[in-house]
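What follows is a single structure, written as structure tokens, with notes after it.
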Amino acid sequence: MAADSSLLLSLVEEFVSGLQDSKAKDTATGVKDGQFTVLQLVEALGLSLTSSQPHTRARGVQLLSEVLHECYGNLTEREVEVLIAFYENRLKDHYVITPSVLQGLRALTKCAALPPGSAVSMLRSLFQDVHVQSLMLAERSCVYSMLINLMETREAELKGLGADFVFGFVQSMDGERDPRNLLLAFQIAKSIIHRGYDLGKFTEELFEVTSCYFPIDFTPPSNDPHGITKDDLIEALRAVLSGTPKFAEFVLPLIIEKLDSDVQSAKLDSLQTLTSCMSQYEHKDLAEFLEGLWTSLRREVFQTSSERIECAGLAALTALTSCLSRSVLNSDSEDSLSTFLVLVLTDCKHHLCEPDLKLVWPSAKLLQAACSASSRASHIITAAVMPALVEQYSSRTQCSHRRTLLEVVLRFIESVTSSQSSENEESMFLAFRQSLCDMVFSALLETNSSLQITATSMLTSLAQQTGLLLDADIELAVDHLTRLLLTEEDEKVSVAVVDCAGALAELHPTIFITKFIPRLKKEMFSEPMDQDNNREASEQHSHHAVRKQCLSALAAVSIRPSVVQESTPVLLEVLSSAHAGSVGFSVEEVVLACRSLQKIAEQVQDTEETGQCFHELIIPRLLSLALQAALQGEGSSGRRSPLVEEVVLSAVVSVISTSCSRLQPKLAGQTAARAVSLFLDDDVSFLPDNSFPSHIQLLKPQRESWSQSQMVCLLMGCVCSLPRSVAVPQIDQLLSQLEEMSCTCNHPLAYTSAAKCFAGLINKQSQGDSLDSLIQRTMKRVCGELDSTSSPARTQAFTLMIWVAKGLLLRYHPMSTALTDKLFSLLDDADLGAMAAEGFSLLMSDSAEVLNRGCHADVRIMYRQRFFSENSAKLVQGFNAAPQEKKSNYLKALSNIVNKLPKQVQITELPALLSLLLEALSCPDQGVQLSTLSCLEPVLIDPPPALIQQLEALFSRLLALVSSPTMSVKITSLRCIHALSHLPTHEIFPFRARVLRALARPLDDKKRRVRSEAVLARGEWYLVGSPGGR
């Protein structure tokens, strides 16, 4: 024990007299380990604490405070009581001791064993004996931290101080300038307000001491390590000013005053603060300031030069109106909302009726902002404004004026919709129902496209309001939409009509089933009348445009299951008629019909009813039509069904794939079983129009009938998009047949689709020995074909290998490495080298038809980054070892890999591959050039040191590409040169003259986009090194 005592005395002596600050940590460790107690430390400090030298006493108190900072959690209540008494007494000591005293008191405020009443005692001593604003920054921060700690743990005691606590805080904060301390002070003020501390007669003082910082004007230094922003201070102060209605009489005049400022940030801050205040204030707090607030808000909207300020002003008006709407009306009280809205209407309503409509939009925006605040406000404003708007619309003849008025009415309807408490609430526009309908329908009859587009938007809004459109109105609306769809040539109008029809069909499906769909069907299946030869081409083009709009509209209206059951048979009939040749549908129109079916599959409500529709009707019908077309081949007339065209089959695959991906598990399993039985067992029993031969053998390579072989793409659509929980029947036999077809079929679409289907199924197979043996067997066959240079099936084997590699790579299967290694080896192959280089693009890209998340494929996160990190070194080694004529394949492969990586990964990894990328810029393949430039462009914004060292090579290659025959290469190279102008002047100035000479040529390029990029780049390079420039 004597040894511990001597050790303690030694530590104290070395800290106090030897000025060795590290001894404080050793002392704290001794206290934590139990070698001595805090009270023993106080005793050991006796001579230091009673010294006649202030600096000696300060060192003694500093040692004690630093130990307490480390050990406050182990103190007993008795020890804390003694220490508080000691520190309170030291507050009266010399000023050099005060900082250490405050550090000790802050540590004690964190103690769980703080005795009752000690918080009040500490604060009384603090407020009485310390003038906070005369302290240094760290000590002031210490005071604020003490207050925060005590407010968290001893709130009841502090509230017992009453208004004295608020007064003490006000004195402590008054004059604070440091942003770090202001954040703490604003936090304390917010807690005082929100936690119900008694402000007493010091309400105005608390407001004054905080509001003097409003609006915040603070720009942090560029190297600020604390990360305090202007927005942090604004939000903290706003929480104080808007925290209590007691501040209303002070805050509102302040905001009105600051809104007169010419400083845009002050206006914005004031408006946002006003919006925040409205959630806490009551109508009685606003009464005497309403006129001044309205005058300021009106001015900011009418005379604004900033869209942000205008939006903030409108938001403040909405919040203000909403606050007034919460007032409870008594028989003897004034209706504050009505009083305020009279001001608004008086100043705004007359602008809606001016001949030139000059101020109609600012006035309308103000009225709509107030309107959207509450149902009460909506009733008052619409009752006052709508008659005038209806009358104005009727009296105007210019389309531009009518469109403006219609848009104003539309915004009113939308603002009222946002203020309604429920969707089924009766619309407050019910009294103007007929007038609104007349406005819309008359606008739809106009020839002005802008007016028609606005009318369709308004029709949609009216339909969404309860009771505004009767059944007769809906019928008339459908007639107008149908007429516009069939006759309007303006594409923007057509798009607006289709969107409107989709919105109305979701709300009123019956009328679209009975009128809209039959009319579109009739129009689509009519043939253009044969006129003289001069008109025939234009007639055909016009009729094609009408069919295109009809197909798009059928998809848009098909959201409800009842509509889908009527629209999909029409689209299927388009395919049937095109196949039979009974109606002259073009290949493009057939593709559009398929895309409409796909869109319906994507958007339709997922119900059992729609699932049955796709399972029983759409998928079997598509399979049947495609099979009929494949078996038919070319008829006696030489005509071939459009359903055997590759572009049509791809569209059909998308329909089937999307449909199967959304089927419920039971129906998905049944669809899979049907598809497999069709392709393996020639089971056509589920197909409509069942007049097929008994032995079709769709998975057997058909040397003569390629149209039958390519049917395998439909199998891919059926089985590769199913959820992983759905088991595919006869999977082993199916995979065997697909592998055989992939390797032996000569038709590209057929063997590619078979390979995709094989890979899609492999990707979802459960891990295990059976999967591994299947992959090994497939690899053996593929490698055998690829290693035989005389094999006629090398291309087919390569296609199968690349798709299987992708399927395994996506799921991180370990055997994918063997396949990708084989792909690397093929880069040196004379015949397949270029295909192998393109194959890396396939590995890294998203596939639309198979092996994507939409098809429920097993896709692991960051598989691209993993592939790059595992194989980039192999690529570099292969490039270095490859003969000169094969190096371009490696460059193309590298470019394809890097270009598909996320931008952030590119920026990180490119420095290591820079020499290869510079080589790639010299590659004659323009695809490689463009891909490499796309990789380099983001890196040049903040180039790594490795790139700075290669500027000569980089400039040489980029300036050569400025004269490329490919526009996209020229544009991207000009952007890269532009980015290089931002590098340090001393690095790039030697290249300035050379760059300016090279950029003169693209200034006269025949393409405008190239000229624009050249102007931008050359302008920046002219500034390099010039006085006042870069």
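Chain lettering (A, B, ...) mirrors the order of the structure tokens, residue numbering begins at 1 for each chain separately, and ligand numbering begins at 1 in order of display.
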
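If you count only C-alpha atoms and ignore residues fewer than 3 places along the chain from Asp217 in chain A, what sits within 9 Å of it is Tyr213, Phe214, Lys230, Ser265 and Ala266 of chain A.
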
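Taking only C-alpha atoms, the non-local environment of Thr447 in chain A within 12 Å (same-chain residues fewer than 3 positions away omitted) comprises Gln398, Cys399, Ser400, Arg403, Ser442, Ala443, Leu444, Ser450, Leu451, Gln452, Ile453, Ala455, Leu484, Thr487, Glu488, Glu489, Asp490 and Val493 of chain A.
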
TODO: Can you pull out every residue within 12 Å of Pro990 in chain A, counting only C-alpha atoms, but drop anything in the same chain fewer than 4 positions away, and send it as JSON, numbers by chain?
DONE: {"A": [951, 952, 955, 981, 984, 985, 986, 994, 995, 996, 1021, 1024, 1025]}

Restricting it to C-alpha atoms, dump the selection as a tab-separated table (two decimals), in the first residue's frame.
chain	number	residue	atom	x	y	z
A	951	LEU	CA	-0.14	12.26	-71.39
A	952	GLU	CA	2.02	12.19	-74.56
A	955	PHE	CA	-2.92	13.02	-76.58
A	981	SER	CA	-8.28	20.77	-70.31
A	984	PRO	CA	-3.10	21.35	-63.98
A	985	THR	CA	-1.90	23.97	-66.46
A	986	HIS	CA	1.79	23.10	-66.11
A	994	ARG	CA	-1.09	20.93	-80.91
A	995	VAL	CA	-4.58	20.42	-79.55
A	996	LEU	CA	-5.88	23.71	-80.98
A	1021	TRP	CA	-8.24	24.85	-74.51
A	1024	VAL	CA	-5.38	27.15	-70.85
A	1025	GLY	CA	-2.48	29.33	-69.74

Open item on the list: I'd like the neighbourhood of Leu83 in chain A as an MDAnalysis selection string, where a residue qualifies if any of its atoms comes within 12 Å (using only C-alpha atoms), though same-chain residues fewer than 4 positions away should be ignored.
Closed with: chainID A and resid 38:39 41:43 61 64:65 68 72 75:79 87:90 101 104:109 111 114:115 118 122

Open item on the list: My list of candidates is A:Leu627, A:Thr339, A:Ala946, A:Leu738. Which is closest to Asp689 in chain A when distances are computed with only C-alpha atoms?
Closed with: A:Leu627

Open item on the list: Using DSSP assignments from the backbone, pull out every residue in range 730-851 of chain A that falls under helix (DSSP H, G or I) and give it to me as number ranges by chain.
Closed with: A: 731-744, 748-764, 769-787, 794-810, 816-828, 833-844

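Nearest-residue note for Lys246 in chain A: choosing from A:Pro723, A:Gly175, A:Gly200, A:Pro814, the minimum distance belongs to A:Gly200, counting only C-alpha atoms.
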
Task: Non-local contacts of Leu297 in chain A (9 Å; only C-alpha atoms; under 4 positions in same chain excluded) as a PyMOL selection string - done: chain A and resi 259+271+292-293+301-302+310+313-314+316-317+366

Can I get the selection written as a PDB file, in the first residue's frame, with N, CA, C and O atoms?
ATOM      1  N   LEU A 259     -38.213  39.168 -45.481  1.00  0.00           N
ATOM      2  CA  LEU A 259     -38.715  38.963 -46.844  1.00  0.00           C
ATOM      3  C   LEU A 259     -38.541  40.202 -47.704  1.00  0.00           C
ATOM      4  O   LEU A 259     -38.643  40.131 -48.936  1.00  0.00           O
ATOM      5  N   LEU A 271     -39.012  32.032 -45.883  1.00  0.00           N
ATOM      6  CA  LEU A 271     -40.225  31.335 -46.338  1.00  0.00           C
ATOM      7  C   LEU A 271     -40.281  29.913 -45.784  1.00  0.00           C
ATOM      8  O   LEU A 271     -41.336  29.437 -45.354  1.00  0.00           O
ATOM      9  N   GLY A 292     -49.872  41.518 -43.394  1.00  0.00           N
ATOM     10  CA  GLY A 292     -48.456  41.676 -43.725  1.00  0.00           C
ATOM     11  C   GLY A 292     -47.870  40.422 -44.353  1.00  0.00           C
ATOM     12  O   GLY A 292     -47.090  40.491 -45.314  1.00  0.00           O
ATOM     13  N   LEU A 293     -48.239  39.248 -43.810  1.00  0.00           N
ATOM     14  CA  LEU A 293     -47.751  37.989 -44.374  1.00  0.00           C
ATOM     15  C   LEU A 293     -48.245  37.807 -45.800  1.00  0.00           C
ATOM     16  O   LEU A 293     -47.489  37.408 -46.697  1.00  0.00           O
ATOM     17  N   VAL A 301     -44.352  35.767 -55.159  1.00  0.00           N
ATOM     18  CA  VAL A 301     -44.846  34.973 -56.288  1.00  0.00           C
ATOM     19  C   VAL A 301     -45.023  35.850 -57.525  1.00  0.00           C
ATOM     20  O   VAL A 301     -44.665  35.467 -58.634  1.00  0.00           O
ATOM     21  N   PHE A 302     -45.568  37.040 -57.340  1.00  0.00           N
ATOM     22  CA  PHE A 302     -45.804  37.918 -58.484  1.00  0.00           C
ATOM     23  C   PHE A 302     -44.502  38.451 -59.077  1.00  0.00           C
ATOM     24  O   PHE A 302     -44.383  38.617 -60.288  1.00  0.00           O
ATOM     25  N   GLU A 310     -40.250  31.008 -55.470  1.00  0.00           N
ATOM     26  CA  GLU A 310     -41.678  30.912 -55.793  1.00  0.00           C
ATOM     27  C   GLU A 310     -42.290  29.661 -55.175  1.00  0.00           C
ATOM     28  O   GLU A 310     -43.364  29.722 -54.546  1.00  0.00           O
ATOM     29  N   GLY A 313     -42.565  30.136 -51.483  1.00  0.00           N
ATOM     30  CA  GLY A 313     -43.668  31.043 -51.156  1.00  0.00           C
ATOM     31  C   GLY A 313     -45.017  30.351 -51.241  1.00  0.00           C
ATOM     32  O   GLY A 313     -45.885  30.543 -50.373  1.00  0.00           O
ATOM     33  N   LEU A 314     -45.206  29.529 -52.272  1.00  0.00           N
ATOM     34  CA  LEU A 314     -46.474  28.805 -52.419  1.00  0.00           C
ATOM     35  C   LEU A 314     -46.640  27.776 -51.297  1.00  0.00           C
ATOM     36  O   LEU A 314     -47.741  27.596 -50.765  1.00  0.00           O
ATOM     37  N   ALA A 316     -45.394  28.034 -48.308  1.00  0.00           N
ATOM     38  CA  ALA A 316     -45.703  28.802 -47.089  1.00  0.00           C
ATOM     39  C   ALA A 316     -47.168  29.216 -47.065  1.00  0.00           C
ATOM     40  O   ALA A 316     -47.822  29.178 -46.010  1.00  0.00           O
ATOM     41  N   LEU A 317     -47.714  29.604 -48.222  1.00  0.00           N
ATOM     42  CA  LEU A 317     -49.121  29.990 -48.289  1.00  0.00           C
ATOM     43  C   LEU A 317     -50.020  28.793 -47.971  1.00  0.00           C
ATOM     44  O   LEU A 317     -51.014  28.925 -47.245  1.00  0.00           O
ATOM     45  N   LEU A 366     -51.218  31.077 -56.635  1.00  0.00           N
ATOM     46  CA  LEU A 366     -51.515  31.462 -55.254  1.00  0.00           C
ATOM     47  C   LEU A 366     -52.856  30.889 -54.801  1.00  0.00           C
ATOM     48  O   LEU A 366     -52.978  30.330 -53.698  1.00  0.00           O
TER      49      LEU A 366
END

Open item on the list: I'd like the interatomic distance between CA of Ala555 in chain A and CA of Ser567 in chain A, to a tenth of an Å.
Closed with: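 If I compute the distance from CA of Ala555 in chain A to CA of Ser567 in chain A, I get 7.9 Å.
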
- [ ] Point out the residue among A:Leu913, A:Leu663, A:Leu961, A:Leu241 with the least atom-to-atom distance to Phe879 in chain A, counting only C-alpha atoms.
- [x]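 Looking at the shortest contact to Phe879 in chain A, the residue is A:Leu913.
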
TODO: Name all residues at most 10 Å from Phe127 in chain A (count only C-alpha atoms; drop same-chain ones fewer than 4 positions away) and give them as a ChimeraX atom specification.
DONE: /A:122-123,131-132,164-165,167-169,171-172

Go ahead and save the residues from that selection, with N, CA and C atoms, as a compact mmCIF listing (two decimals), in the first residue's frame.
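Printed below is result_24.txt as written:
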# COMPACT_ATOMS: atom_id res chain seq x y z
N MET A 122 -24.73 22.75 -9.13
CA MET A 122 -23.68 23.02 -10.11
C MET A 122 -24.05 24.20 -11.00
N LEU A 123 -25.30 24.19 -11.49
CA LEU A 123 -25.70 25.25 -12.41
C LEU A 123 -25.77 26.60 -11.73
N HIS A 131 -18.51 33.89 -16.32
CA HIS A 131 -19.02 34.64 -17.47
C HIS A 131 -18.61 33.85 -18.72
N VAL A 132 -19.57 33.09 -19.26
CA VAL A 132 -19.25 32.07 -20.27
C VAL A 132 -18.62 32.69 -21.51
N ASP A 164 -35.27 30.67 -13.95
CA ASP A 164 -33.86 31.00 -13.70
C ASP A 164 -32.94 30.19 -14.61
N PHE A 165 -33.34 28.96 -14.91
CA PHE A 165 -32.50 28.14 -15.80
C PHE A 165 -32.45 28.76 -17.20
N PHE A 167 -32.90 31.90 -17.94
CA PHE A 167 -32.13 33.14 -17.86
C PHE A 167 -30.63 32.84 -17.84
N GLY A 168 -30.24 31.82 -17.09
CA GLY A 168 -28.83 31.44 -17.03
C GLY A 168 -28.31 31.00 -18.39
N PHE A 169 -29.12 30.23 -19.12
CA PHE A 169 -28.71 29.80 -20.46
C PHE A 169 -28.59 30.98 -21.41
N GLN A 171 -27.87 34.05 -20.70
CA GLN A 171 -26.63 34.77 -20.39
C GLN A 171 -25.41 34.03 -20.93
N SER A 172 -25.45 32.70 -20.83
CA SER A 172 -24.31 31.90 -21.29
C SER A 172 -24.14 31.96 -22.80

Show me, as a CSV table (one decimal) with all heavy atoms, in the first residue's frame, the residues that have an atom within 10 Å of range 369-372 of chain A when counting only C-alpha atoms, minus same-chain residues fewer than 5 positions from it.
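For reference, part08.csv as written:
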chain,number,residue,atom,x,y,z
A,311,CYS,N,-41.6,28.5,-55.3
A,311,CYS,CA,-42.1,27.3,-54.7
A,311,CYS,C,-42.2,27.4,-53.2
A,311,CYS,O,-43.2,26.9,-52.6
A,311,CYS,CB,-41.2,26.1,-55.1
A,311,CYS,SG,-41.3,25.7,-56.9
A,313,GLY,N,-42.6,30.1,-51.5
A,313,GLY,CA,-43.7,31.0,-51.2
A,313,GLY,C,-45.0,30.4,-51.2
A,313,GLY,O,-45.9,30.5,-50.4
A,314,LEU,N,-45.2,29.5,-52.3
A,314,LEU,CA,-46.5,28.8,-52.4
A,314,LEU,C,-46.6,27.8,-51.3
A,314,LEU,O,-47.7,27.6,-50.8
A,314,LEU,CB,-46.5,28.1,-53.8
A,314,LEU,CG,-46.6,29.1,-55.0
A,314,LEU,CD1,-46.4,28.3,-56.3
A,314,LEU,CD2,-47.9,29.9,-55.0
A,315,ALA,N,-45.5,27.1,-50.9
A,315,ALA,CA,-45.6,26.1,-49.8
A,315,ALA,C,-46.0,26.8,-48.5
A,315,ALA,O,-46.7,26.3,-47.7
A,315,ALA,CB,-44.3,25.4,-49.7
A,316,ALA,N,-45.4,28.0,-48.3
A,316,ALA,CA,-45.7,28.8,-47.1
A,316,ALA,C,-47.2,29.2,-47.1
A,316,ALA,O,-47.8,29.2,-46.0
A,316,ALA,CB,-44.8,30.0,-47.0
A,317,LEU,N,-47.7,29.6,-48.2
A,317,LEU,CA,-49.1,30.0,-48.3
A,317,LEU,C,-50.0,28.8,-48.0
A,317,LEU,O,-51.0,28.9,-47.2
A,317,LEU,CB,-49.4,30.5,-49.7
A,317,LEU,CG,-50.9,30.9,-49.9
A,317,LEU,CD1,-51.4,32.0,-48.9
A,317,LEU,CD2,-51.1,31.4,-51.4
A,318,THR,N,-49.7,27.6,-48.5
A,318,THR,CA,-50.4,26.4,-48.2
A,318,THR,C,-50.4,26.1,-46.7
A,318,THR,O,-51.4,25.8,-46.1
A,318,THR,CB,-49.9,25.2,-49.0
A,318,THR,OG1,-49.9,25.5,-50.4
A,318,THR,CG2,-50.7,24.0,-48.7
A,319,ALA,N,-49.2,26.2,-46.1
A,319,ALA,CA,-49.1,25.9,-44.7
A,319,ALA,C,-49.9,27.0,-43.8
A,319,ALA,O,-50.5,26.6,-42.8
A,319,ALA,CB,-47.6,25.9,-44.3
A,320,LEU,N,-49.8,28.2,-44.2
A,320,LEU,CA,-50.5,29.3,-43.5
A,320,LEU,C,-52.0,29.0,-43.6
A,320,LEU,O,-52.7,29.1,-42.6
A,320,LEU,CB,-50.2,30.6,-44.1
A,320,LEU,CG,-50.9,31.9,-43.6
A,320,LEU,CD1,-50.7,32.0,-42.1
A,320,LEU,CD2,-50.4,33.1,-44.4
A,321,THR,N,-52.5,28.7,-44.8
A,321,THR,CA,-54.0,28.5,-44.9
A,321,THR,C,-54.4,27.2,-44.2
A,321,THR,O,-55.5,27.2,-43.5
A,321,THR,CB,-54.3,28.3,-46.4
A,321,THR,OG1,-53.8,29.3,-47.2
A,321,THR,CG2,-55.8,28.2,-46.7
A,322,SER,N,-53.5,26.2,-44.1
A,322,SER,CA,-53.8,25.0,-43.4
A,322,SER,C,-53.9,25.3,-41.9
A,322,SER,O,-54.8,24.8,-41.2
A,322,SER,CB,-52.8,24.0,-43.7
A,322,SER,OG,-53.0,22.8,-42.9
A,341,LEU,N,-58.8,34.5,-46.7
A,341,LEU,CA,-59.1,34.1,-48.1
A,341,LEU,C,-59.8,35.3,-48.8
A,341,LEU,O,-59.7,35.4,-50.0
A,341,LEU,CB,-60.0,32.9,-48.1
A,341,LEU,CG,-59.3,31.6,-47.7
A,341,LEU,CD1,-60.3,30.4,-47.9
A,341,LEU,CD2,-58.0,31.3,-48.5
A,344,VAL,N,-56.9,37.1,-50.1
A,344,VAL,CA,-56.3,36.4,-51.3
A,344,VAL,C,-57.2,36.6,-52.5
A,344,VAL,O,-56.7,36.9,-53.6
A,344,VAL,CB,-56.2,34.9,-51.0
A,344,VAL,CG1,-55.7,34.1,-52.2
A,344,VAL,CG2,-55.2,34.7,-49.8
A,363,SER,N,-51.5,34.5,-60.2
A,363,SER,CA,-52.7,34.5,-59.4
A,363,SER,C,-53.2,33.1,-59.2
A,363,SER,O,-53.7,32.7,-58.1
A,363,SER,CB,-53.7,35.4,-60.1
A,363,SER,OG,-53.3,36.7,-60.3
A,364,ALA,N,-53.3,32.3,-60.3
A,364,ALA,CA,-53.8,31.0,-60.2
A,364,ALA,C,-52.9,30.1,-59.2
A,364,ALA,O,-53.5,29.3,-58.4
A,364,ALA,CB,-53.8,30.3,-61.6
A,377,ALA,N,-60.9,25.5,-47.3
A,377,ALA,CA,-60.4,26.5,-48.2
A,377,ALA,C,-60.8,26.2,-49.6
A,377,ALA,O,-61.1,27.1,-50.4
A,377,ALA,CB,-58.9,26.5,-48.0
A,378,SER,N,-60.8,24.9,-50.0
A,378,SER,CA,-61.2,24.5,-51.3
A,378,SER,C,-62.6,25.0,-51.6
A,378,SER,O,-62.9,25.5,-52.7
A,378,SER,CB,-61.0,23.0,-51.5
A,378,SER,OG,-59.7,22.6,-51.3
A,379,HIS,N,-63.5,24.8,-50.7
A,379,HIS,CA,-64.9,25.1,-50.9
A,379,HIS,C,-65.0,26.7,-51.2
A,379,HIS,O,-65.7,27.1,-52.1
A,379,HIS,CB,-65.8,24.7,-49.7
A,379,HIS,CG,-66.2,23.3,-49.8
A,379,HIS,ND1,-67.2,22.9,-50.7
A,379,HIS,CD2,-65.8,22.2,-49.1
A,379,HIS,CE1,-67.4,21.6,-50.5
A,379,HIS,NE2,-66.6,21.1,-49.6
A,380,ILE,N,-64.4,27.4,-50.3
A,380,ILE,CA,-64.5,28.9,-50.4
A,380,ILE,C,-63.9,29.4,-51.7
A,380,ILE,O,-64.5,30.2,-52.4
A,380,ILE,CB,-63.8,29.6,-49.2
A,380,ILE,CG1,-64.5,29.2,-47.9
A,380,ILE,CG2,-63.7,31.1,-49.4
A,380,ILE,CD1,-63.7,29.6,-46.7
A,381,ILE,N,-62.7,28.9,-52.1
A,381,ILE,CA,-62.0,29.4,-53.3
A,381,ILE,C,-62.7,28.9,-54.6
A,381,ILE,O,-62.9,29.7,-55.5
A,381,ILE,CB,-60.6,29.0,-53.3
A,381,ILE,CG1,-59.8,29.7,-52.1
A,381,ILE,CG2,-59.9,29.3,-54.6
A,381,ILE,CD1,-58.4,29.3,-51.9
A,382,THR,N,-63.1,27.7,-54.6
A,382,THR,CA,-63.7,27.2,-55.9
A,382,THR,C,-65.1,27.9,-56.1
A,382,THR,O,-65.4,28.2,-57.2
A,382,THR,CB,-63.9,25.6,-55.8
A,382,THR,OG1,-64.6,25.3,-54.6
A,382,THR,CG2,-62.6,24.9,-55.9
A,411,ARG,N,-55.4,22.7,-62.9
A,411,ARG,CA,-54.6,22.8,-61.7
A,411,ARG,C,-55.5,22.9,-60.4
A,411,ARG,O,-55.1,22.4,-59.4
A,411,ARG,CB,-53.7,24.0,-61.7
A,411,ARG,CG,-52.6,23.9,-62.9
A,411,ARG,CD,-51.5,23.0,-62.5
A,411,ARG,NE,-50.5,23.0,-63.5
A,411,ARG,CZ,-49.5,23.8,-63.6
A,411,ARG,NH1,-49.3,24.8,-62.7
A,411,ARG,NH2,-48.6,23.8,-64.6
A,412,PHE,N,-56.6,23.6,-60.6
A,412,PHE,CA,-57.5,23.7,-59.4
A,412,PHE,C,-58.1,22.3,-59.1
A,412,PHE,O,-58.2,22.0,-57.9
A,412,PHE,CB,-58.7,24.7,-59.8
A,412,PHE,CG,-58.4,26.1,-59.4
A,412,PHE,CD1,-58.2,27.1,-60.4
A,412,PHE,CD2,-58.3,26.5,-58.1
A,412,PHE,CE1,-57.9,28.4,-60.0
A,412,PHE,CE2,-58.1,27.8,-57.7
A,412,PHE,CZ,-57.9,28.7,-58.7
A,413,ILE,N,-58.5,21.6,-60.1
A,413,ILE,CA,-59.0,20.2,-59.8
A,413,ILE,C,-57.9,19.4,-59.1
A,413,ILE,O,-58.2,18.7,-58.1
A,413,ILE,CB,-59.4,19.6,-61.1
A,413,ILE,CG1,-60.6,20.3,-61.7
A,413,ILE,CG2,-59.9,18.1,-60.9
A,413,ILE,CD1,-61.0,19.9,-63.1
A,414,GLU,N,-56.7,19.5,-59.6
A,414,GLU,CA,-55.6,18.7,-58.9
A,414,GLU,C,-55.4,19.1,-57.5
A,414,GLU,O,-55.1,18.3,-56.6
A,414,GLU,CB,-54.4,18.8,-59.8
A,414,GLU,CG,-54.5,18.1,-61.1
A,414,GLU,CD,-53.3,18.4,-62.1
A,414,GLU,OE1,-52.5,19.3,-61.8
A,414,GLU,OE2,-53.2,17.7,-63.1
A,415,SER,N,-55.4,20.5,-57.3
A,415,SER,CA,-55.1,21.0,-55.9
A,415,SER,C,-56.3,20.6,-55.0
A,415,SER,O,-56.0,20.3,-53.8
A,415,SER,CB,-54.9,22.5,-55.9
A,415,SER,OG,-56.1,23.1,-56.4
A,416,VAL,N,-57.5,20.6,-55.5
A,416,VAL,CA,-58.6,20.2,-54.6
A,416,VAL,C,-58.5,18.7,-54.3
A,416,VAL,O,-58.8,18.2,-53.2
A,416,VAL,CB,-59.9,20.5,-55.3
A,416,VAL,CG1,-61.1,19.8,-54.6
A,416,VAL,CG2,-60.2,22.0,-55.3
A,417,THR,N,-58.1,17.9,-55.3
A,417,THR,CA,-57.9,16.4,-55.1
A,417,THR,C,-57.0,16.2,-53.9
A,417,THR,O,-57.2,15.3,-53.1
A,417,THR,CB,-57.4,15.8,-56.3
A,417,THR,OG1,-58.4,16.0,-57.4
A,417,THR,CG2,-57.3,14.3,-56.2
A,418,SER,N,-55.9,16.9,-53.8
A,418,SER,CA,-54.9,16.7,-52.8
A,418,SER,C,-55.4,17.1,-51.4
A,418,SER,O,-54.9,16.6,-50.4
A,418,SER,CB,-53.6,17.5,-53.1
A,418,SER,OG,-53.9,18.9,-53.0
A,419,SER,N,-56.4,17.9,-51.3
A,419,SER,CA,-57.0,18.4,-50.0
A,419,SER,C,-58.1,17.5,-49.6
A,419,SER,O,-58.6,17.7,-48.4
A,419,SER,CB,-57.4,19.8,-50.1
A,419,SER,OG,-58.5,20.0,-50.9
A,420,GLN,N,-58.6,16.6,-50.4
A,420,GLN,CA,-59.8,15.8,-50.0
A,420,GLN,C,-59.4,14.8,-49.0
A,420,GLN,O,-58.3,14.2,-49.0
A,420,GLN,CB,-60.4,15.1,-51.2
A,420,GLN,CG,-61.2,16.0,-52.1
A,420,GLN,CD,-61.8,15.3,-53.3
A,420,GLN,OE1,-61.3,14.3,-53.8
A,420,GLN,NE2,-63.0,15.7,-53.6

Task: Given only C-alpha atoms as the counted atoms, nearest of A:Ala580, A:Ala58, A:Val31, A:Val82 to His94 in chain A - done: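 Smallest separation from His94 in chain A among the options: A:Ala58.
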
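With CA of Ser641 in chain A on one side and CA of His579 in chain A on the other, the separation reads 5.0 Å.
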
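Pairwise distance (CA of Asp769 in chain A, CA of Ile802 in chain A) equals 22.0 Å.
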